[in-house]
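A.B. asks: Can you read through this structure? Questions will come right after.
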Amino acid sequence: MQPNKEHNQPKVPEFDPEYLRKKYREERDKRLRTDGNEQYIEVKGEFSYFLEDPYVEEEIQRDPLKDEVEVLIIGGGFGGMLAGARLREAGIDDFKIVEKGSDFGGTWYWNRYPGASCDIESYIYFPLLEETGFIPKQKYTNAKETLEYCHIISEKFNLHENACLQTEVTSTKWDQDKQQWIVYTNRNDEIKARYVVHSNGPLNRPKLPAIKGINDYKGHTFHTSRWDYEYTGGSSDGNLTGLKDKRVAVIGTGATSVQCVPHVGASAKELFVFQRTPSSIDVRNNQPTDPDWIPSQKKGWHNERRNNFETLLSGGMVKEDLVSDGWTEAFRMLFGSVREKAPSKTQMFSWALTAPFSSKLYSQGFKKYMTNKAMEHMDIPNAMQMADFQKMEKVRARADEIVEDNRTAESLKPYYNQFCKRPCFHDEYLQTFNLPNVHLIDTDGKGLSEITEKGIVFEGIEYEVDCIIFATGFEVGTDYSRRAGYQIQGRDGISISEKWQNGLSTLHGMHCNQFPNSFFFGPAQSGFTATYTYSLDEQSIHLAYILKSAKEQGAKVIEATKEAEEEWVNLIIEKARITADFQKNCTPGYYNNEGQPNPKSVQSQAYGKGPNAFFKKLKAWREDGNMPGMNLS
Ligand code: NDP
């Protein structure tokens, strides 16, 4: 493959901006609801079977542990693995990774549904590529190769030696006298740890819609993150032979559904896809890797490529778009539209991943960073809105080109700004709706009204099905400990739920006053990248630096000061990428707190100047050498 080959550029259709503005508003308004996150059921109690691990091959039998380690890492996904790898590199070997699954992999352990793959380029998504020398087979990898890669990392850094699998943390408690954490698990373990790393994943807890009668259904059912291959047959490559005589319903049309629907459609006797909001489906254009390309790269190529991608996604300029795909094209179009009109010499202010429109703050920020006087007189939000309309018109035109039935094609068109929701890239999803056995049931923004013993009811019609697959996503925006699955009790007994009840409060997204020796991994108040593993890697490098320095200085307790934390929170709010204004204009989804943006959700945003700026900030902090804002004792 040619890694920098130009991405296909479909023809740009003409459009009427006023019509689109009105249409976007109408489509959003249809979907606004008062119950926000409450529209979903917490998966527990009678629904806990949705969380069972279908991938366990052999249940581990062991006695409860009464252990003591220097570092306990919660979560064995890329975050936990990277933390382990970077600690190992720093000479810290006394750590344990506690993971609820039977193996490493996190997201990729759970999400093995047919078609599961990553639509971020593999050469930037896979971390530690230079360290492992691994060559991904394709530009976009799949779940199978990603799990294999997890094993390669684990072998390279001997992480299995430190693993405690099939074990779920139930609570953690700070012991003030001993100045260490006590971590309890569902296997009655009691593990003492000087430090705890919370790497439990931002999208780890499946959610279900609270549809009337959801309990009454007598057929088979599961969530996409616990795919039941025993029932469907086949594998993540598809060929779901068990479905050939089955009528199947898939609820939801987000990024997961987009990837699994083509396989279910190809195998099931009949498939009903229940849609509330269509995703934007852009070109994917996967290609095999030229095996000589990675070995021919100079040292440092991996970071350079990750940086190049994130720079573009942050509205910055690069000499060459190295990744050159649907993601970078979207951002080149957005920011390029402004540059064309007023060529700029500087780095642009970024809100990158999430939409940068119609906001006073945006244009103020943007202008602040532009040196070209002409910029100050431009209507930047409008120029960018036009670019977004253009991009989305291409996406909508694609539905018309591919989907034969006009009504179905119309229903599959997304009417919102591209980064209101997670954009999708797929070359078989839209085609699936041309199959005679596949039916799109478009609920026109309403969602489903009822589930019965036999199937799903929408607008008075009962769709009888043998199986319902919930592609309804994961909890975002609910209480941290509810999503993590355990409570954290810090200094003087304060819980993390109490601490964050009025909004997230951290230093660098990672440290929290009153919770000494804890490290939180995740995108909130930190550097959020579309290449999520990149942020996790930077967080791991930061963690390893801190623990190594603490050791060298003989410090046993590290804690963010109250003042530093307050300062960081204020900075996050000040630089929040998404203004309430913009969020309000978006169609509801987990990006905008289900259509209910509020100061608390804004406070949970990532650092607003973009990931590269955040990583630079962390690097400068490390280079300072004094760990400003932290107390070491
Ligand atoms: P999402 O939250 O994106 O999608 C959930 C879907 O369920 C939405 O279409 C939603 O509709 C629908 N839904 C919810 N309630 C109802 C209801 N009552 N009736 C009908 N439909 C309903 O979850 P996903 O699992 O698809 O994706 C989660 C995230 O995982 C992605 O955003 C992405 O970040 C990541 N991912 C990444 C991939 C990659 O390639 N790297 C691949 C897959 C996932 P509505 O939109 O109206 O709310």
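For the structure tokens, the naming scheme is as follows: chains receive sequential letters (A, B, ...) according to their order of presentation, residues are indexed from 1 within each chain, and ligands are indexed from 1 in presentation order.
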Any idea what's packed within 8 Å of A:Val69, counting only C-alpha atoms, ignoring anything in its chain fewer than 5 positions away? Could you give it as a PDB file with C-alpha atoms, in the first residue's frame?
C.D. replies:
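Contents of selection-v1.pdb, freshly written:
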```
ATOM      1  CA  ASP A  94       6.756  -4.645  41.229  1.00  0.00           C
ATOM      2  CA  PHE A  95       3.320  -4.123  39.703  1.00  0.00           C
ATOM      3  CA  LYS A  96       0.158  -6.113  39.213  1.00  0.00           C
ATOM      4  CA  ILE A 191      -4.063  -6.374  47.838  1.00  0.00           C
ATOM      5  CA  LYS A 192      -2.069  -3.560  49.371  1.00  0.00           C
ATOM      6  CA  ALA A 193      -0.479  -1.148  46.949  1.00  0.00           C
ATOM      7  CA  ARG A 194       1.574   1.981  47.315  1.00  0.00           C
TER       8      ARG A 194
END
```
A.B. asks: Contacts between stretch 14-32 of chain A and stretch 386-437 of chain A, please, where a residue of stretch 386-437 of chain A counts if it comes within 8 Å (with only C-alpha atoms); show its shortest atom pair and distance in Å to one decimal, rows by chain and ascending number, as CSV.
C.D. replies:
```
residue,atom,partner,partner_atom,distance
A:Met386,CA,A:Pro17,CA,7.4
A:Phe389,CA,A:Pro17,CA,7.5
A:Gln390,CA,A:Phe15,CA,7.6
A:Glu393,CA,A:Phe15,CA,7.4
A:Tyr415,CA,A:Tyr24,CA,5.4
A:Tyr416,CA,A:Tyr24,CA,5.4
```
A.B. asks: Could the residues that lie within 6 Å of ligand 1, counting only C-alpha atoms and all ligand atoms, be listed as a list in words?
C.D. replies: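 Listed by chain and ascending number, the contacts are Ser117, Cys118, Asp119, Ile120, Pro209, Ile251, Gly252, Thr253, Gly254, Ala255, Thr256, Ser257, Phe274, Gln275, Arg276, Thr277, Arg422, Gly447, Leu448, Ala471, Thr472, Gly473, Phe474 and Gly589 of chain A.
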A.B. asks: For the residues in the current selection, export N, CA and C atoms as an mmCIF file, in the first residue's frame.
C.D. replies:
```cif
data_model
loop_
_atom_site.group_PDB
_atom_site.id
_atom_site.type_symbol
_atom_site.label_atom_id
_atom_site.label_comp_id
_atom_site.auth_asym_id
_atom_site.auth_seq_id
_atom_site.Cartn_x
_atom_site.Cartn_y
_atom_site.Cartn_z
ATOM 1 N N SER A 117 -13.484 -3.760 14.009
ATOM 2 C CA SER A 117 -12.192 -3.294 13.517
ATOM 3 C C SER A 117 -12.012 -1.842 13.917
ATOM 4 N N CYS A 118 -10.828 -1.330 13.610
ATOM 5 C CA CYS A 118 -10.527 0.017 14.053
ATOM 6 C C CYS A 118 -10.444 0.916 12.836
ATOM 7 N N ASP A 119 -11.146 2.020 12.875
ATOM 8 C CA ASP A 119 -11.077 2.873 11.696
ATOM 9 C C ASP A 119 -10.112 4.044 11.876
ATOM 10 N N ILE A 120 -9.238 3.905 12.846
ATOM 11 C CA ILE A 120 -8.069 4.787 12.906
ATOM 12 C C ILE A 120 -6.932 3.973 12.295
ATOM 13 N N PRO A 209 -31.226 0.542 26.355
ATOM 14 C CA PRO A 209 -32.295 1.544 26.408
ATOM 15 C C PRO A 209 -33.428 1.048 27.302
ATOM 16 N N ILE A 251 -30.612 -3.314 17.372
ATOM 17 C CA ILE A 251 -31.064 -1.982 17.816
ATOM 18 C C ILE A 251 -29.842 -1.078 17.904
ATOM 19 N N GLY A 252 -29.906 0.046 17.215
ATOM 20 C CA GLY A 252 -28.793 1.000 17.246
ATOM 21 C C GLY A 252 -28.052 1.003 15.921
ATOM 22 N N THR A 253 -27.567 2.192 15.542
ATOM 23 C CA THR A 253 -26.846 2.332 14.268
ATOM 24 C C THR A 253 -25.595 3.206 14.449
ATOM 25 N N GLY A 254 -24.920 3.020 15.594
ATOM 26 C CA GLY A 254 -23.656 3.733 15.836
ATOM 27 C C GLY A 254 -22.499 2.973 15.193
ATOM 28 N N ALA A 255 -21.267 3.342 15.581
ATOM 29 C CA ALA A 255 -20.056 2.784 14.952
ATOM 30 C C ALA A 255 -20.003 1.256 15.036
ATOM 31 N N THR A 256 -20.500 0.689 16.139
ATOM 32 C CA THR A 256 -20.472 -0.772 16.290
ATOM 33 C C THR A 256 -21.444 -1.430 15.321
ATOM 34 N N SER A 257 -22.657 -0.915 15.304
ATOM 35 C CA SER A 257 -23.680 -1.475 14.431
ATOM 36 C C SER A 257 -23.225 -1.428 12.973
ATOM 37 N N PHE A 274 -33.031 -1.421 13.595
ATOM 38 C CA PHE A 274 -33.847 -0.346 14.171
ATOM 39 C C PHE A 274 -32.978 0.886 14.383
ATOM 40 N N GLN A 275 -33.306 1.927 13.662
ATOM 41 C CA GLN A 275 -32.472 3.134 13.673
ATOM 42 C C GLN A 275 -33.187 4.307 14.345
ATOM 43 N N ARG A 276 -32.437 5.010 15.209
ATOM 44 C CA ARG A 276 -32.980 6.261 15.744
ATOM 45 C C ARG A 276 -32.321 7.440 15.028
ATOM 46 N N THR A 277 -30.984 7.388 14.924
ATOM 47 C CA THR A 277 -30.264 8.440 14.194
ATOM 48 C C THR A 277 -29.242 7.762 13.284
ATOM 49 N N ARG A 422 -19.737 10.434 16.419
ATOM 50 C CA ARG A 422 -18.538 9.747 15.950
ATOM 51 C C ARG A 422 -18.705 9.409 14.463
ATOM 52 N N GLY A 447 -36.862 6.456 18.434
ATOM 53 C CA GLY A 447 -36.449 5.277 19.190
ATOM 54 C C GLY A 447 -37.610 4.310 19.284
ATOM 55 N N LEU A 448 -37.397 3.217 19.980
ATOM 56 C CA LEU A 448 -38.423 2.176 19.994
ATOM 57 C C LEU A 448 -39.446 2.410 21.080
ATOM 58 N N ALA A 471 -27.007 -2.960 20.006
ATOM 59 C CA ALA A 471 -25.801 -2.214 19.597
ATOM 60 C C ALA A 471 -25.992 -0.798 20.123
ATOM 61 N N THR A 472 -26.273 -0.720 21.419
ATOM 62 C CA THR A 472 -26.722 0.550 22.003
ATOM 63 C C THR A 472 -25.641 1.270 22.806
ATOM 64 N N GLY A 473 -24.405 0.826 22.658
ATOM 65 C CA GLY A 473 -23.290 1.611 23.187
ATOM 66 C C GLY A 473 -23.015 1.438 24.669
ATOM 67 N N PHE A 474 -22.315 2.433 25.203
ATOM 68 C CA PHE A 474 -21.733 2.333 26.546
ATOM 69 C C PHE A 474 -22.028 3.588 27.348
ATOM 70 N N GLY A 589 -26.476 12.785 21.735
ATOM 71 C CA GLY A 589 -25.624 11.594 21.714
ATOM 72 C C GLY A 589 -24.660 11.714 22.873
#
```
A.B. asks: Using only C-alpha atoms, which of A:Phe419, A:Tyr184, A:Phe78, A:Phe433 sits nearest A:Val403?
C.D. replies: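 Smallest distance to A:Val403 is found for A:Phe433.
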A.B. asks: I'd like the interatomic distance between atom CA of A:Phe521 and atom CA of A:Val197, to a tenth of an Å.
C.D. replies: 7.3 Å
A.B. asks: Go through stretch 260-479 of chain A and collect every residue that DSSP, computed from the backbone, puts in strand (DSSP E or B); the answer should be as a ChimeraX atom specification.
C.D. replies: /A:270-275,281-282,288,424-425,438-442,450-451,455-458,461-464,467-470,474
A.B. asks: Could you check which of A:Val323, A:Val557, A:Ile182, A:Cys260 is closest to A:Tyr123, using only C-alpha atoms?
C.D. replies: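 Going through A:Val323, A:Val557, A:Ile182, A:Cys260 one by one, the smallest distance to A:Tyr123 is for A:Val323.
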A.B. asks: Find the residues near stretch 525-529 of chain A: any atom within 6 Å, counting only C-alpha atoms, skip ones fewer than 5 places away on the same chain, and give them as a PyMOL selection string.
C.D. replies: chain A and resi 508-509+604-607+611+614
A.B. asks: Taking only C-alpha atoms into account, name the residue in A:Asp93, A:Glu155, A:Asp103, A:Glu594 that is nearest to A:Lys421.
C.D. replies: A:Glu594
A.B. asks: Could you go through stretch 411-598 of chain A and tell me which residues DSSP, when run on the backbone, assigns to helix (DSSP H, G or I), listing them as a ChimeraX atom specification?
C.D. replies: /A:411,418-420,429-432,480-484,491-493,496-499,532-553,562-574,580-585,590-595
A.B. asks: Choose the residue, out of A:Pro423, A:Gly133, A:Pro516, A:Gly316, that has the smallest atom-to-atom separation from A:Trp174; count only C-alpha atoms.
C.D. replies: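 Of A:Pro423, A:Gly133, A:Pro516, A:Gly316, the one nearest A:Trp174, counting only C-alpha atoms, is A:Pro516.
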A.B. asks: Calculated over only C-alpha atoms, which of the candidates A:Val602, A:Met510, A:Ile153, A:Met317 has the smallest distance to A:Ser535?
C.D. replies: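 Among A:Val602, A:Met510, A:Ile153, A:Met317, it is A:Met510 that comes nearest to A:Ser535.
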A.B. asks: I want to know what sits within 7 Å of A:Thr172, based on only C-alpha atoms, with residues of the same chain fewer than 5 positions away left out; could you give that as number ranges by chain?
C.D. replies: A: 181-184, 487-489
A.B. asks: Kindly indicate which residue among A:Phe582, A:Tyr40, A:Tyr545, A:Tyr429 lies nearest to A:Ile211, using only C-alpha atoms for the distances.
C.D. replies: A:Tyr40
A.B. asks: Can you list, as an MDAnalysis selection string, every protein, DNA or RNA residue that comes within 7 Å of stretch 476-486 of chain A when you count only C-alpha atoms, leaving out same-chain residues fewer than 5 positions away?
C.D. replies: chainID A and resid 169:171 200 203 205 497 590 593
A.B. asks: Those residues with C-alpha atoms, as a compact mmCIF listing (two decimals), in the first residue's frame please?
C.D. replies:
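Produced file again06.txt, reproduced below:
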```txt
# COMPACT_ATOMS: atom_id res chain seq x y z
CA VAL A 169 -11.96 -4.85 41.64
CA THR A 170 -14.88 -4.14 43.97
CA SER A 171 -13.45 -1.25 46.01
CA ASN A 200 -10.79 1.15 33.54
CA LEU A 203 -16.42 3.11 27.15
CA ARG A 205 -19.90 -0.39 30.66
CA SER A 497 -18.38 10.00 43.87
CA TYR A 590 -22.88 10.84 24.18
CA ASN A 593 -24.43 14.51 27.24
```
A.B. asks: Tell me which protein, DNA and RNA residues are within 10 Å of stretch 450-456 of chain A, counting only C-alpha atoms, leaving out same-chain ones fewer than 3 positions away, and put them as a PyMOL selection string.
C.D. replies: chain A and resi 210-219+247-249+251+272+274+447+459-468
A.B. asks: Env of stretch 44-57 of chain A: 7 Å cut, atoms = only C-alpha atoms, seq-sep filter 2 positions within chain, self excluded. Answer as a list of chain:residue names.
C.D. replies: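 Once the nearby chain positions are removed, what remains is A:Glu42, A:Glu59, A:Ser102, A:Phe222, A:His223, A:Arg226, A:Asp228.
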